[in-house]
Each structure stands twice: as C-alpha cells, then as structure tokens.
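With compact mmCIF, C-alpha atoms and all ligand atoms inside, this is query26.txt:
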# COMPACT_ATOMS: atom_id res chain seq x y z
CA MET A 1 9.12 42.21 0.83
CA LYS A 2 5.43 41.22 0.55
CA ILE A 3 5.08 37.50 1.26
CA ALA A 4 1.74 35.68 0.94
CA ILE A 5 1.38 32.19 2.41
CA ILE A 6 -1.53 30.05 1.23
CA GLY A 7 -2.61 27.65 3.98
CA GLY A 8 -2.73 27.97 7.76
CA GLY A 9 -1.58 24.47 8.74
CA LEU A 10 1.78 23.51 10.23
CA ALA A 11 3.67 24.28 7.00
CA GLY A 12 2.23 27.75 6.53
CA CYS A 13 2.23 28.74 10.21
CA ALA A 14 5.81 27.53 10.82
CA LEU A 15 7.02 29.49 7.81
CA ALA A 16 5.20 32.63 8.95
CA TRP A 17 6.84 32.26 12.40
CA VAL A 18 10.34 31.87 11.00
CA LEU A 19 9.92 34.78 8.56
CA HIS A 20 8.56 36.99 11.33
CA GLN A 21 11.62 36.20 13.47
CA LEU A 22 13.74 37.35 10.53
CA GLY A 23 11.97 40.72 10.38
CA GLN A 24 9.44 39.98 7.62
CA GLU A 25 5.68 40.52 7.87
CA PRO A 26 4.12 37.64 5.96
CA VAL A 27 0.36 37.34 5.48
CA VAL A 28 -1.36 33.94 5.75
CA TYR A 29 -4.56 33.09 3.85
CA GLU A 30 -6.56 30.16 5.20
CA ALA A 31 -9.59 28.63 3.48
CA GLY A 32 -11.13 27.28 6.69
CA SER A 33 -12.85 29.10 9.51
CA GLU A 34 -9.87 28.44 11.79
CA LEU A 35 -6.16 27.75 11.57
CA ALA A 36 -5.09 24.08 11.45
CA ASN A 37 -8.22 23.26 9.52
CA GLY A 38 -6.66 20.25 7.72
CA ALA A 39 -4.22 17.53 8.79
CA SER A 40 -2.61 19.90 11.33
CA GLY A 41 -5.73 20.06 13.49
CA ASN A 42 -5.10 16.88 15.48
CA PHE A 43 -5.37 16.95 19.29
CA SER A 44 -1.96 15.40 19.69
CA GLY A 45 0.90 14.18 17.49
CA LEU A 46 4.27 12.50 17.99
CA TYR A 47 7.33 14.34 16.73
CA ASN A 48 9.30 11.54 15.14
CA PRO A 49 11.95 11.46 12.45
CA ARG A 50 11.13 9.21 9.51
CA PHE A 51 13.67 6.44 10.03
CA SER A 52 15.66 4.96 7.18
CA ALA A 53 18.27 2.23 7.29
CA LEU A 54 20.98 4.41 5.75
CA ARG A 55 22.24 7.90 6.56
CA GLY A 56 21.35 9.69 3.30
CA PRO A 57 19.85 13.14 2.59
CA ASP A 58 16.50 12.11 4.08
CA ALA A 59 18.15 11.04 7.34
CA ASP A 60 20.16 14.28 7.42
CA PHE A 61 16.94 16.25 6.94
CA TYR A 62 15.02 14.54 9.74
CA SER A 63 18.02 14.58 12.09
CA ALA A 64 18.39 18.35 11.66
CA ALA A 65 14.61 18.78 11.97
CA TYR A 66 14.48 16.85 15.24
CA ALA A 67 17.24 18.94 16.84
CA LEU A 68 15.59 22.14 15.62
CA ALA A 69 12.18 21.11 16.95
CA LEU A 70 13.52 20.34 20.42
CA ARG A 71 15.10 23.80 20.58
CA SER A 72 11.98 25.52 19.22
CA PHE A 73 9.36 23.76 21.38
CA LYS A 74 11.12 25.11 24.47
CA THR A 75 10.21 28.64 23.42
CA PHE A 76 6.43 28.04 23.51
CA ASP A 77 4.23 27.91 26.61
CA ASP A 78 1.00 26.33 25.45
CA ILE A 79 1.62 23.53 22.96
CA ASP A 80 1.09 20.55 25.32
CA TRP A 81 4.71 19.50 24.84
CA CYS A 82 5.24 16.13 26.57
CA PRO A 83 8.84 14.92 26.07
CA THR A 84 8.03 11.53 27.59
CA GLY A 85 10.41 9.56 25.35
CA VAL A 86 9.24 7.28 22.55
CA LEU A 87 9.81 3.55 22.00
CA HIS A 88 9.74 2.26 18.42
CA VAL A 89 9.06 -1.40 18.99
CA MET A 90 10.75 -3.96 16.74
CA ASP A 91 7.68 -6.15 16.36
CA THR A 92 8.67 -7.71 13.03
CA GLU A 93 11.97 -9.13 11.80
CA LYS A 94 12.06 -6.62 8.98
CA LYS A 95 11.57 -3.68 11.34
CA GLU A 96 14.19 -5.02 13.74
CA LYS A 97 16.74 -5.22 10.94
CA ARG A 98 15.92 -1.72 9.67
CA LEU A 99 15.90 0.00 13.06
CA LYS A 100 19.15 -1.66 14.10
CA ARG A 101 20.72 -0.31 10.92
CA THR A 102 19.23 3.12 11.66
CA VAL A 103 20.92 3.24 15.05
CA THR A 104 24.27 2.23 13.54
CA ASN A 105 24.15 4.37 10.42
CA TRP A 106 22.53 7.52 11.83
CA ASP A 107 25.12 7.40 14.60
CA TRP A 108 23.36 9.78 17.02
CA ALA A 109 24.83 10.18 20.50
CA SER A 110 23.42 7.28 22.50
CA ASP A 111 21.78 9.69 24.98
CA HIS A 112 19.39 10.58 22.17
CA MET A 113 18.88 7.27 20.33
CA HIS A 114 19.71 3.73 21.38
CA LEU A 115 18.40 0.19 21.32
CA VAL A 116 16.76 -1.35 24.39
CA SER A 117 15.84 -4.95 25.23
CA SER A 118 12.22 -5.95 25.88
CA GLU A 119 12.95 -5.88 29.64
CA GLU A 120 14.34 -2.35 29.41
CA ALA A 121 11.43 -1.29 27.16
CA THR A 122 8.97 -2.64 29.74
CA LYS A 123 10.68 -0.68 32.50
CA ILE A 124 10.69 2.53 30.45
CA ALA A 125 7.08 2.12 29.28
CA GLY A 126 5.56 1.00 32.57
CA VAL A 127 3.60 -1.68 30.67
CA ASP A 128 4.72 -5.07 29.30
CA ILE A 129 6.53 -4.81 25.95
CA GLU A 130 7.37 -8.13 24.28
CA TYR A 131 9.94 -6.71 21.89
CA GLY A 132 13.18 -4.80 21.89
CA ALA A 133 12.89 -1.23 20.68
CA LEU A 134 14.66 1.81 19.33
CA TYR A 135 14.37 4.40 22.08
CA LEU A 136 14.32 8.18 21.64
CA PRO A 137 14.59 9.52 25.20
CA ASP A 138 13.72 13.09 24.18
CA GLY A 139 10.93 12.15 21.79
CA GLY A 140 7.32 12.81 22.71
CA SER A 141 4.18 14.62 21.67
CA ILE A 142 2.77 18.11 21.12
CA ALA A 143 -0.66 19.39 20.14
CA PRO A 144 -0.32 20.37 16.43
CA ARG A 145 -3.35 22.64 16.59
CA LYS A 146 -1.85 24.56 19.52
CA LEU A 147 1.56 24.67 17.84
CA CYS A 148 -0.05 26.39 14.83
CA ALA A 149 -1.65 28.94 17.15
CA ALA A 150 1.70 29.51 18.91
CA TYR A 151 3.50 30.04 15.59
CA MET A 152 0.84 32.53 14.51
CA GLN A 153 0.91 34.95 17.42
CA ASN A 154 1.52 38.41 15.92
CA ILE A 155 1.07 37.21 12.31
CA GLU A 156 -1.49 38.86 10.04
CA HIS A 157 -3.88 36.22 8.74
CA TYR A 158 -7.24 35.92 7.03
CA LEU A 159 -9.61 33.01 7.72
CA ASN A 160 -12.43 31.88 5.38
CA THR A 161 -10.25 33.03 2.50
CA PRO A 162 -9.81 30.27 -0.06
CA ILE A 163 -7.36 31.35 -2.75
CA GLU A 164 -8.41 30.21 -6.19
CA ASN A 165 -5.72 31.67 -8.41
CA LEU A 166 -2.33 33.19 -7.79
CA GLU A 167 -2.52 35.99 -10.33
CA GLY A 168 -4.67 38.27 -8.17
CA ILE A 169 -2.43 38.12 -5.09
CA ASP A 170 -0.59 41.31 -4.24
CA ALA A 171 2.78 39.86 -3.17
CA ASP A 172 6.40 39.63 -4.29
CA VAL A 173 6.59 36.02 -3.13
CA ILE A 174 3.82 33.42 -2.75
CA VAL A 175 4.19 30.18 -0.81
CA LEU A 176 1.85 27.24 -1.40
CA ALA A 177 1.47 25.54 1.98
CA CYS A 178 -2.02 24.19 1.42
CA GLY A 179 -1.50 20.43 1.78
CA PRO A 180 -3.10 18.30 -0.93
CA ALA A 181 -4.62 21.48 -2.47
CA VAL A 182 -1.16 22.37 -3.84
CA LEU A 183 -2.26 20.17 -6.76
CA GLU A 184 -4.88 22.77 -7.70
CA PHE A 185 -2.06 25.20 -8.48
CA VAL A 186 0.66 22.78 -9.67
CA PRO A 187 -1.14 19.69 -11.02
CA SER A 188 2.07 18.18 -12.40
CA LEU A 189 3.45 17.35 -8.94
CA PRO A 190 3.21 13.70 -7.79
CA ILE A 191 1.32 14.57 -4.59
CA ILE A 192 -0.94 11.84 -3.23
CA PRO A 193 -3.70 12.44 -0.66
CA VAL A 194 -3.68 9.97 2.25
CA ARG A 195 -6.70 9.95 4.55
CA GLY A 196 -6.09 9.14 8.22
CA GLN A 197 -8.06 8.97 11.46
CA ILE A 198 -6.85 9.23 15.04
CA THR A 199 -8.90 7.93 17.95
CA GLN A 200 -9.09 9.16 21.52
CA VAL A 201 -9.80 6.48 24.11
CA LYS A 202 -10.46 6.57 27.84
CA SER A 203 -7.55 5.02 29.72
CA THR A 204 -7.95 1.85 31.77
CA GLN A 205 -6.24 1.10 35.08
CA LYS A 206 -3.61 -0.82 33.12
CA SER A 207 -3.07 1.64 30.25
CA ALA A 208 -2.83 4.56 32.69
CA ASN A 209 0.58 3.12 33.69
CA LEU A 210 2.01 3.95 30.27
CA LYS A 211 4.84 6.45 30.72
CA CYS A 212 6.12 7.04 27.17
CA GLY A 213 4.94 7.10 23.55
CA ILE A 214 4.97 3.80 21.69
CA CYS A 215 5.20 3.36 17.91
CA TYR A 216 4.35 0.11 16.15
CA GLU A 217 2.21 -0.05 12.99
CA GLY A 218 0.27 2.71 14.79
CA TYR A 219 1.09 4.72 17.89
CA LEU A 220 -0.17 5.19 21.43
CA MET A 221 0.53 8.16 23.66
CA PRO A 222 0.49 8.20 27.46
CA ALA A 223 -2.83 9.31 28.94
CA GLN A 224 -3.34 13.02 29.53
CA ASN A 225 -6.27 13.69 31.86
CA GLY A 226 -7.30 10.06 31.47
CA VAL A 227 -7.32 10.10 27.65
CA HIS A 228 -4.92 8.39 25.21
CA THR A 229 -4.47 9.33 21.57
CA LEU A 230 -4.23 6.30 19.29
CA GLY A 231 -3.02 6.71 15.73
CA ALA A 232 -3.56 6.41 12.89
CA THR A 233 -5.11 4.88 9.82
CA PHE A 234 -3.40 5.37 6.45
CA GLN A 235 -5.51 5.27 3.30
CA PRO A 236 -3.65 6.39 0.15
CA SER A 237 -5.70 8.12 -2.57
CA VAL A 238 -8.67 8.64 -0.23
CA ASP A 239 -9.32 12.36 0.15
CA HIS A 240 -12.35 12.81 2.40
CA SER A 241 -12.41 13.63 6.10
CA ASN A 242 -15.59 11.80 7.08
CA ILE A 243 -15.40 9.74 10.26
CA ILE A 244 -15.26 5.97 9.69
CA LYS A 245 -16.18 3.96 12.80
CA GLN A 246 -14.17 0.96 11.60
CA ASP A 247 -11.02 3.09 11.68
CA ASP A 248 -11.29 3.34 15.48
CA GLN A 249 -11.41 -0.46 15.66
CA ASP A 250 -8.46 -0.68 13.26
CA ASN A 251 -6.42 1.65 15.52
CA ILE A 252 -7.29 -0.48 18.55
CA GLN A 253 -6.53 -3.69 16.65
CA LYS A 254 -3.04 -2.48 15.70
CA LEU A 255 -2.37 -1.81 19.38
CA ALA A 256 -3.68 -5.28 20.30
CA GLU A 257 -1.26 -6.88 17.83
CA ALA A 258 1.78 -4.99 19.14
CA ILE A 259 1.03 -4.93 22.88
CA PRO A 260 -1.56 -7.66 23.51
CA GLY A 261 -3.83 -6.96 26.47
CA LEU A 262 -3.31 -3.22 26.59
CA GLU A 263 -6.32 -2.66 24.35
CA VAL A 264 -8.71 -4.46 26.71
CA GLY A 265 -11.40 -2.12 28.05
CA LEU A 266 -10.31 0.96 26.06
CA GLU A 267 -13.42 2.99 25.38
CA VAL A 268 -13.60 5.19 22.27
CA LEU A 269 -14.37 8.79 23.20
CA THR A 270 -13.86 10.73 20.00
CA GLN A 271 -11.92 10.75 16.75
CA ARG A 272 -10.69 13.07 14.01
CA ALA A 273 -10.11 12.33 10.35
CA SER A 274 -8.18 14.44 7.87
CA VAL A 275 -6.07 14.17 4.75
CA ARG A 276 -2.29 14.21 4.67
CA ALA A 277 -0.37 14.89 1.47
CA THR A 278 2.57 12.74 0.53
CA SER A 279 4.87 12.53 -2.48
CA ARG A 280 5.77 9.57 -4.65
CA ASN A 281 8.93 8.86 -2.62
CA ARG A 282 7.33 9.95 0.68
CA PHE A 283 9.80 12.85 1.09
CA PRO A 284 8.46 16.40 1.48
CA ILE A 285 8.42 18.86 -1.42
CA ILE A 286 10.11 22.09 -0.37
CA GLY A 287 11.49 24.69 -2.78
CA LEU A 288 10.66 26.73 -5.85
CA ALA A 289 7.55 25.69 -7.78
CA PRO A 290 8.27 24.42 -11.29
CA GLU A 291 8.04 27.14 -13.95
CA TRP A 292 7.75 30.01 -11.43
CA ASP A 293 10.43 32.30 -10.04
CA ASN A 294 8.47 33.70 -7.10
CA VAL A 295 6.23 30.82 -6.02
CA TYR A 296 7.50 28.33 -3.44
CA ILE A 297 6.04 25.12 -2.09
CA SER A 298 6.04 23.46 1.33
CA ALA A 299 3.98 20.31 1.03
CA ALA A 300 3.89 16.51 1.08
CA HIS A 301 4.85 16.40 4.75
CA GLY A 302 3.24 12.95 5.00
CA SER A 303 3.05 11.51 8.51
CA TYR A 304 6.01 13.51 9.87
CA GLY A 305 4.80 17.07 9.36
CA ILE A 306 5.48 18.31 12.89
CA LEU A 307 9.22 18.05 12.22
CA SER A 308 9.40 18.52 8.46
CA SER A 309 7.22 21.66 8.35
CA LEU A 310 9.55 23.47 10.76
CA MET A 311 12.77 22.43 9.02
CA GLY A 312 11.15 23.25 5.68
CA ALA A 313 10.19 26.68 7.01
CA HIS A 314 13.81 27.49 7.84
CA LEU A 315 14.98 26.35 4.42
CA LEU A 316 12.28 28.31 2.58
CA ALA A 317 13.00 31.43 4.62
CA ASP A 318 16.65 31.17 3.55
CA MET A 319 15.62 30.78 -0.09
CA ILE A 320 13.10 33.64 -0.02
CA MET A 321 15.50 36.02 1.73
CA ASP A 322 18.54 34.78 -0.19
CA ARG A 323 20.43 33.84 2.96
CA PRO A 324 23.02 31.06 3.35
CA ARG A 325 21.11 27.77 3.34
CA CYS A 326 20.60 25.90 6.61
CA LEU A 327 20.76 22.50 4.86
CA PRO A 328 23.39 21.01 2.53
CA ALA A 329 22.98 20.94 -1.25
CA ASP A 330 22.18 17.23 -1.51
CA VAL A 331 19.30 17.58 0.98
CA ILE A 332 17.96 20.64 -0.85
CA ALA A 333 18.09 18.72 -4.14
CA ALA A 334 16.29 15.75 -2.58
CA LEU A 335 13.48 18.08 -1.38
CA SER A 336 13.13 20.09 -4.58
CA THR A 337 10.44 19.80 -7.25
CA GLN A 338 13.25 19.27 -9.78
CA ARG A 339 13.71 15.71 -8.53
CA PHE A 340 10.56 14.68 -10.39
CA LYS A 341 11.80 15.97 -13.77
CA LYS A 342 12.16 13.20 -16.33
CA ARG A 343 15.78 12.85 -17.47
CA SER A 344 16.19 13.01 -21.26
C1 LIG B 401 -4.51 11.02 11.16
C2 LIG B 401 -3.20 11.74 11.07
C3 LIG B 401 -2.27 11.57 12.08
C4 LIG B 401 -1.03 12.23 12.01
N1 LIG B 401 -0.13 12.08 13.03
C5 LIG B 401 1.06 12.74 12.96
C6 LIG B 401 2.00 12.63 14.02
O1 LIG B 401 1.77 11.95 15.04
N2 LIG B 401 3.19 13.28 13.88
C7 LIG B 401 3.49 14.06 12.78
O2 LIG B 401 4.58 14.64 12.71
N3 LIG B 401 2.59 14.18 11.77
C8 LIG B 401 1.41 13.54 11.85
N4 LIG B 401 0.51 13.66 10.83
C9 LIG B 401 0.91 14.44 9.65
C10 LIG B 401 0.75 15.94 9.85
O3 LIG B 401 -0.49 16.20 10.46
C11 LIG B 401 0.86 16.62 8.48
O4 LIG B 401 2.06 16.26 7.86
C12 LIG B 401 0.81 18.13 8.60
O5 LIG B 401 -0.31 18.52 9.34
C13 LIG B 401 0.79 18.78 7.22
O6 LIG B 401 0.70 20.17 7.40
P1 LIG B 401 0.38 21.10 6.16
O7 LIG B 401 0.39 22.49 6.68
O8 LIG B 401 1.29 20.76 5.03
O9 LIG B 401 -1.08 20.68 5.66
P2 LIG B 401 -2.50 20.96 6.34
O10 LIG B 401 -2.48 20.84 7.80
O11 LIG B 401 -3.49 20.10 5.62
O12 LIG B 401 -2.76 22.49 6.04
C14 LIG B 401 -3.13 22.98 4.79
C15 LIG B 401 -4.07 24.16 5.03
O13 LIG B 401 -4.29 24.81 3.79
C16 LIG B 401 -5.65 25.21 3.75
N5 LIG B 401 -6.00 25.39 2.34
C17 LIG B 401 -6.21 24.42 1.41
N6 LIG B 401 -6.49 24.99 0.21
C18 LIG B 401 -6.45 26.34 0.40
C19 LIG B 401 -6.65 27.45 -0.47
N7 LIG B 401 -6.93 27.29 -1.76
N8 LIG B 401 -6.56 28.71 0.06
C20 LIG B 401 -6.25 28.89 1.37
N9 LIG B 401 -6.06 27.85 2.23
C21 LIG B 401 -6.14 26.60 1.75
C22 LIG B 401 -6.39 24.08 4.45
O14 LIG B 401 -7.65 24.52 4.90
C23 LIG B 401 -5.43 23.71 5.57
O15 LIG B 401 -5.70 24.42 6.76
C24 LIG B 401 -0.73 13.04 10.89
C25 LIG B 401 -1.68 13.21 9.88
C26 LIG B 401 -2.92 12.56 9.97
C27 LIG B 401 -3.92 12.79 8.87

Kindly return the structure encoded in the file as structure tokens.
Amino acid sequence: MKIAIIGGGLAGCALAWVLHQLGQEPVVYEAGSELANGASGNFSGLYNPRFSALRGPDADFYSAAYALALRSFKTFDDIDWCPTGVLHVMDTEKKEKRLKRTVTNWDWASDHMHLVSSEEATKIAGVDIEYGALYLPDGGSIAPRKLCAAYMQNIEHYLNTPIENLEGIDADVIVLACGPAVLEFVPSLPIIPVRGQITQVKSTQKSANLKCGICYEGYLMPAQNGVHTLGATFQPSVDHSNIIKQDDQDNIQKLAEAIPGLEVGLEVLTQRASVRATSRNRFPIIGLAPEWDNVYISAAHGSYGILSSLMGAHLLADMIMDRPRCLPADVIAALSTQRFKKRS
C-alpha cells in the first residue's frame, strides 16, 4: 500500500515508525528544511498525560499513551530520555481538588501515580516545595527533535517539500500530520493555533539541586549540562514563531510564583517559539478526514503531543491497515472528526 504522510513532526514521524514496524513503507513529505520544523523541534519536553478529574475516554487515551511511551522510549538510544519523575504541584485549591480526584478516579497502581505531602515533594525534588503534589515516579523528559529523528531512521522522506494540494499525490492513503496547517486542507475543523515559547536558563547553585521535573502553571526540568528548560507560554490564536523577550520573563515569573526563590539568578541562554495546534475541546483529532475515504488526520495534539502522537500513530496504523483497534470504541469516537458534526 502506498502511504503518504504530510508533515515531519512528532505526529508524522511516529506514524511512519509504527507503519514501518508493521511492514509498510510510508513516505513523509516535510515543508521545512529539516524534520521537527514546527512545534516538535523543542530541545526538551515532558511526557505527561493530560489530567482530568474523571476517568473518561480522554483519561483512557492518555493512560494508554503513557504506558506505550514508556515501553517505546526504551527502544531508542539517542532521545535524551530522562525518567527523573515529575511532580505536579497543587499550588491552587482548584488544582488540588482536581488532581486529588485524578488520583482516585484514574486508579493507577500507586507505584506509578500517587499524592505526596510538601515535605515528601521537597525530598523528591531536592529543592523546597511549599505544596503537596501528584507524583509520577516514571515521568520525565525526552528531546522531541531527537525522538523524531529516531522514529525516522530507515523511512523515506523528502524535506523542503510543502504539499499544496492532495490531488497530485501518488498514494492509496494520505495522512495529514501537518499541525495547524491541517486547516489548509480541511478548513471546517475547529483547530486553533496556540503559540508558545520555551526558555533555556543557566542553572544556579540552588537550582542545580533539582532532581525531578516540576509542573505548575509552567514547567521546569532538572539541569542537563548546567541548563534547565523552562516552559512554556500559551497564546491561543497567535500563529507566528517570532521570539518574544517578554515570554522568557513570563516563564521565569511562573516559576517564581510556584517555587519562590528558585528563579533567583537564572540567566536566560536561549529560547524557541513555535505553534501548537489544539482543538475546541483540547482533545487530539485522530481518524478519517471528513468527506474523504482515504485521507486521515493526526493533529491538535496541543501541549501533550509527545504522548498523543505515538498513541495516535498506533490507532491510525490499525485503521489504515484494517487491523483490530488498539483503543476502545468510545475513545475512538472521542478522537474522531465526527464529534464536531452538528446534530440535527
Ligand atoms: C512551546 C511549546 C512547548 C511544548 N512542550 C511540550 C511538552 O513539554 N510535552 C509535550 O508532550 N508536548 C509539548 N508541546 C506540544 C508538542 O510539541 C506538540 O503537540 C507536537 O509537537 C505536535 O506535533 P505535530 O507533528 O502534530 O505538529 P508539528 O510539530 O507542528 O509538525 C507539523 C509539521 O508539518 C510540516 N508542514 C506543515 N505544512 C506542511 C505542508 N503543507 N506540507 C508538508 N509539511 C508541512 C511542518 O513544517 C511541521 O514540521 C509543546 C509545544 C510548544 C509550542
């Protein structure tokens, strides 16, 4: 079967990898001069599920994705995988209530998700944490750019090849994995661009003690070679990738509010801005494109694309190759483009 994938970010590369493992030879077309040209080009990213208070289809999706990612990351050598553990601090009453319900309702084995007091969080983190937290002991970070490269070993791909229309493509199946540019092919989808910037800062004597990832309104990763990654700004409906100096200050300010004192002396080294795509209900769009029978979509991965692109790749591979589905029907329905259809 001839399979063409439009877009060489996490969504397109993960799908190519999964299809290749299943004996297919997909071809990836990337508009940029390198893979991971868009949101997937960050130096470092946390692989986190998107938490919800209840255990519904979205929780089932991210739970399966997390387990799958942990198994898959082990198979790669050069993706800067750092399973340091991640603390999600409960720095507001609302967040505390929601994360406590997550722990109860998601009902993961406590080895993999549990609540910790501020004293325990401080011990785990190696820096003072004023709040209790939800702790994922096997959470951590990878380098999305390197993960794309790892997925794409042995995959035929063409750089500097922006696809403008689908009619001319010689393929039995086409997959749109081109982030916000999916709208150019299917304008009816409620995909929203969300600009974001991450900041790399030089560690201080104090911040160098940090031993695990920390999520608050932003996130901070432990220093690697004396450099922390601080994330990320979130600007809906902004679709440019220009650097905004104020964003670095905003990332530092969010850290200062969650872990006061840790921001002191952090020196900005570099930054990267790009545009995520998200959907109206912030859940990815994975499945058949509306009004097509051979065009699929993997998009709207929002701020959780490291996990959702891989899980989405397995689901799409099942659909394309007409295999038994790796996710239950209610999750597939929640991901599909059909969910946006107006009911008459
Ligand atoms: C600042 C920031 C921080 C983030 N932090 C995290 C994090 O810590 N953890 C996490 O899980 N996620 C994080 N994310 C989200 C994650 O990066 C995205 O969800 C993910 O990269 C989306 O992958 P994608 O392949 O769908 O899109 P993209 O990476 O944008 O890839 C789309 C590709 O398609 C190409 N393309 C576009 N149009 C065409 C065309 N016409 N023809 C050919 N190619 C085309 C583009 O050049 C691009 O390379 C972050 C995002 C941002 C912006």

Protein and nucleic residues near ligand LIG 401 (chain B), 7 Å, only C-alpha atoms and all ligand atoms, as a PyMOL selection string: chain A and resi 6-12+29-32+35-42+44-48+161-164+177-181+195-198+231-233+273-277+298-307+309

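If all atoms listed in the file are the atoms counted, then among A:Leu159, A:Val238, A:Ala64, A:Ala14 the closest residue to Pro328 of chain A is A:Ala64.
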
Distance query 9 Å from (24.4, 12.6, 9.3) using all atoms listed in the file, result as a list in words: Arg55, Gly56, Pro57, Ala59, Asp60, Phe61, Ser63, Ala64, Asn105, Trp106, Asp107 and Trp108 of chain A

Using all atoms listed in the file: which of A:Ile252, A:Leu183, A:Ile79, A:Leu22 has the shortest distance to Pro144 of chain A: A:Ile79

Padded axis-aligned box of segment 230-246 of chain A (4 Å per side), centre and edge lengths, Å, one decimal, as lines of an AutoDock Vina configuration file:
center_x = -9.6
center_y = 7.3
center_z = 8.4
size_x = 21.2
size_y = 20.7
size_z = 29.9

Residue with smallest distance to Ile214 of chain A - pool A:Leu262, A:Ile297, A:Met1, A:Ala109, counting only C-alpha atoms: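 Selected residue with least distance to Ile214 of chain A: A:Leu262.
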
Pairwise distance for atom CA of Thr104 of chain A and atom CA of Ala53 of chain A, rounded to one decimal in Å: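 Separating atom CA of Thr104 of chain A from atom CA of Ala53 of chain A is a distance of 8.7 Å.
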
d(atom CA of Asp170 of chain A, atom CA of Val27 of chain A) in Å: 10.5 Å

Point-to-point distance from atom CA of Glu263 of chain A to atom CA of Leu147 of chain A, Å rounded to tenths: 29.2 Å

Nearest candidate to Ser279 of chain A (options A:Arg339, A:His228, A:Lys211, A:Lys202; using only C-alpha atoms): A:Arg339

Using only C-alpha atoms: which of A:Gln246, A:Ser308, A:Thr92, A:Ser33 has the shortest distance to Ala65 of chain A: A:Ser308

Nearest residue to Cys326 of chain A from the set A:Leu68, A:Ser110, A:Asp80, A:Lys100 (distances using all atoms listed in the file):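 Comparing A:Leu68, A:Ser110, A:Asp80, A:Lys100 against Cys326 of chain A, the winner is A:Leu68.
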
Do you know which residues lie at most 8 Å from (-5.8, 0.5, 8.9), with coordinates as in the file and all atoms listed in the file counted, and could you write them as an mmCIF file with C-alpha atoms, keeping the file's coordinate frame?
data_model
loop_
_atom_site.group_PDB
_atom_site.id
_atom_site.type_symbol
_atom_site.label_atom_id
_atom_site.label_comp_id
_atom_site.auth_asym_id
_atom_site.auth_seq_id
_atom_site.Cartn_x
_atom_site.Cartn_y
_atom_site.Cartn_z
ATOM 1 C CA ALA A 232 -3.560 6.410 12.890
ATOM 2 C CA THR A 233 -5.110 4.880 9.820
ATOM 3 C CA PHE A 234 -3.400 5.370 6.450
ATOM 4 C CA GLN A 235 -5.510 5.270 3.300
ATOM 5 C CA ASP A 247 -11.020 3.090 11.680
ATOM 6 C CA ASP A 250 -8.460 -0.680 13.260
ATOM 7 C CA ASN A 251 -6.420 1.650 15.520
ATOM 8 C CA LYS A 254 -3.040 -2.480 15.700
#

Quick one: contact table of segment 130-195 of chain A to segment 82-87 of chain A, 12 Å max, nearest atom pair and distance in Å to one decimal per residue, counting all atoms listed in the file, chain and number order, as a Markdown table?
| residue | atom | partner | partner_atom | distance |
| --- | --- | --- | --- | --- |
| A:Tyr131 | CA | A:Leu87 | CA | 10.3 |
| A:Gly132 | CA | A:Leu87 | CA | 9.0 |
| A:Ala133 | CA | A:Leu87 | CA | 5.8 |
| A:Leu134 | CA | A:Leu87 | CA | 5.8 |
| A:Tyr135 | CA | A:Leu87 | CA | 4.6 |
| A:Leu136 | CA | A:Val86 | CA | 5.2 |
| A:Pro137 | CA | A:Gly85 | CA | 4.2 |
| A:Asp138 | CA | A:Gly85 | CA | 5.0 |
| A:Gly139 | CA | A:Gly85 | CA | 4.4 |
| A:Gly140 | CA | A:Pro83 | CA | 4.2 |
| A:Ser141 | CA | A:Cys82 | CA | 5.2 |
| A:Ile142 | CA | A:Cys82 | CA | 6.3 |
| A:Ala143 | CA | A:Cys82 | CA | 9.3 |

Restricted to C-alpha atoms, what would the selected residues look like written as a PDB file, in the coordinates of the input?
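Result file out-v3.pdb:
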ATOM      1  CA  TYR A 131       9.940  -6.710  21.890  1.00  0.00           C
ATOM      2  CA  GLY A 132      13.180  -4.800  21.890  1.00  0.00           C
ATOM      3  CA  ALA A 133      12.890  -1.230  20.680  1.00  0.00           C
ATOM      4  CA  LEU A 134      14.660   1.810  19.330  1.00  0.00           C
ATOM      5  CA  TYR A 135      14.370   4.400  22.080  1.00  0.00           C
ATOM      6  CA  LEU A 136      14.320   8.180  21.640  1.00  0.00           C
ATOM      7  CA  PRO A 137      14.590   9.520  25.200  1.00  0.00           C
ATOM      8  CA  ASP A 138      13.720  13.090  24.180  1.00  0.00           C
ATOM      9  CA  GLY A 139      10.930  12.150  21.790  1.00  0.00           C
ATOM     10  CA  GLY A 140       7.320  12.810  22.710  1.00  0.00           C
ATOM     11  CA  SER A 141       4.180  14.620  21.670  1.00  0.00           C
ATOM     12  CA  ILE A 142       2.770  18.110  21.120  1.00  0.00           C
ATOM     13  CA  ALA A 143      -0.660  19.390  20.140  1.00  0.00           C
TER      14      ALA A 143
END

Contacts of Lys245 of chain A within 10 Å, all atoms listed in the file, excl. fewer than 2 positions in-chain, as a PyMOL selection string: chain A and resi 197+199+242-243+247-250+268+271

Shell around segment 172-174 of chain A at 9 Å using only C-alpha atoms, local window under 4 positions removed, as an MDAnalysis selection string: chainID A and resid 1:6 166 293:297 320
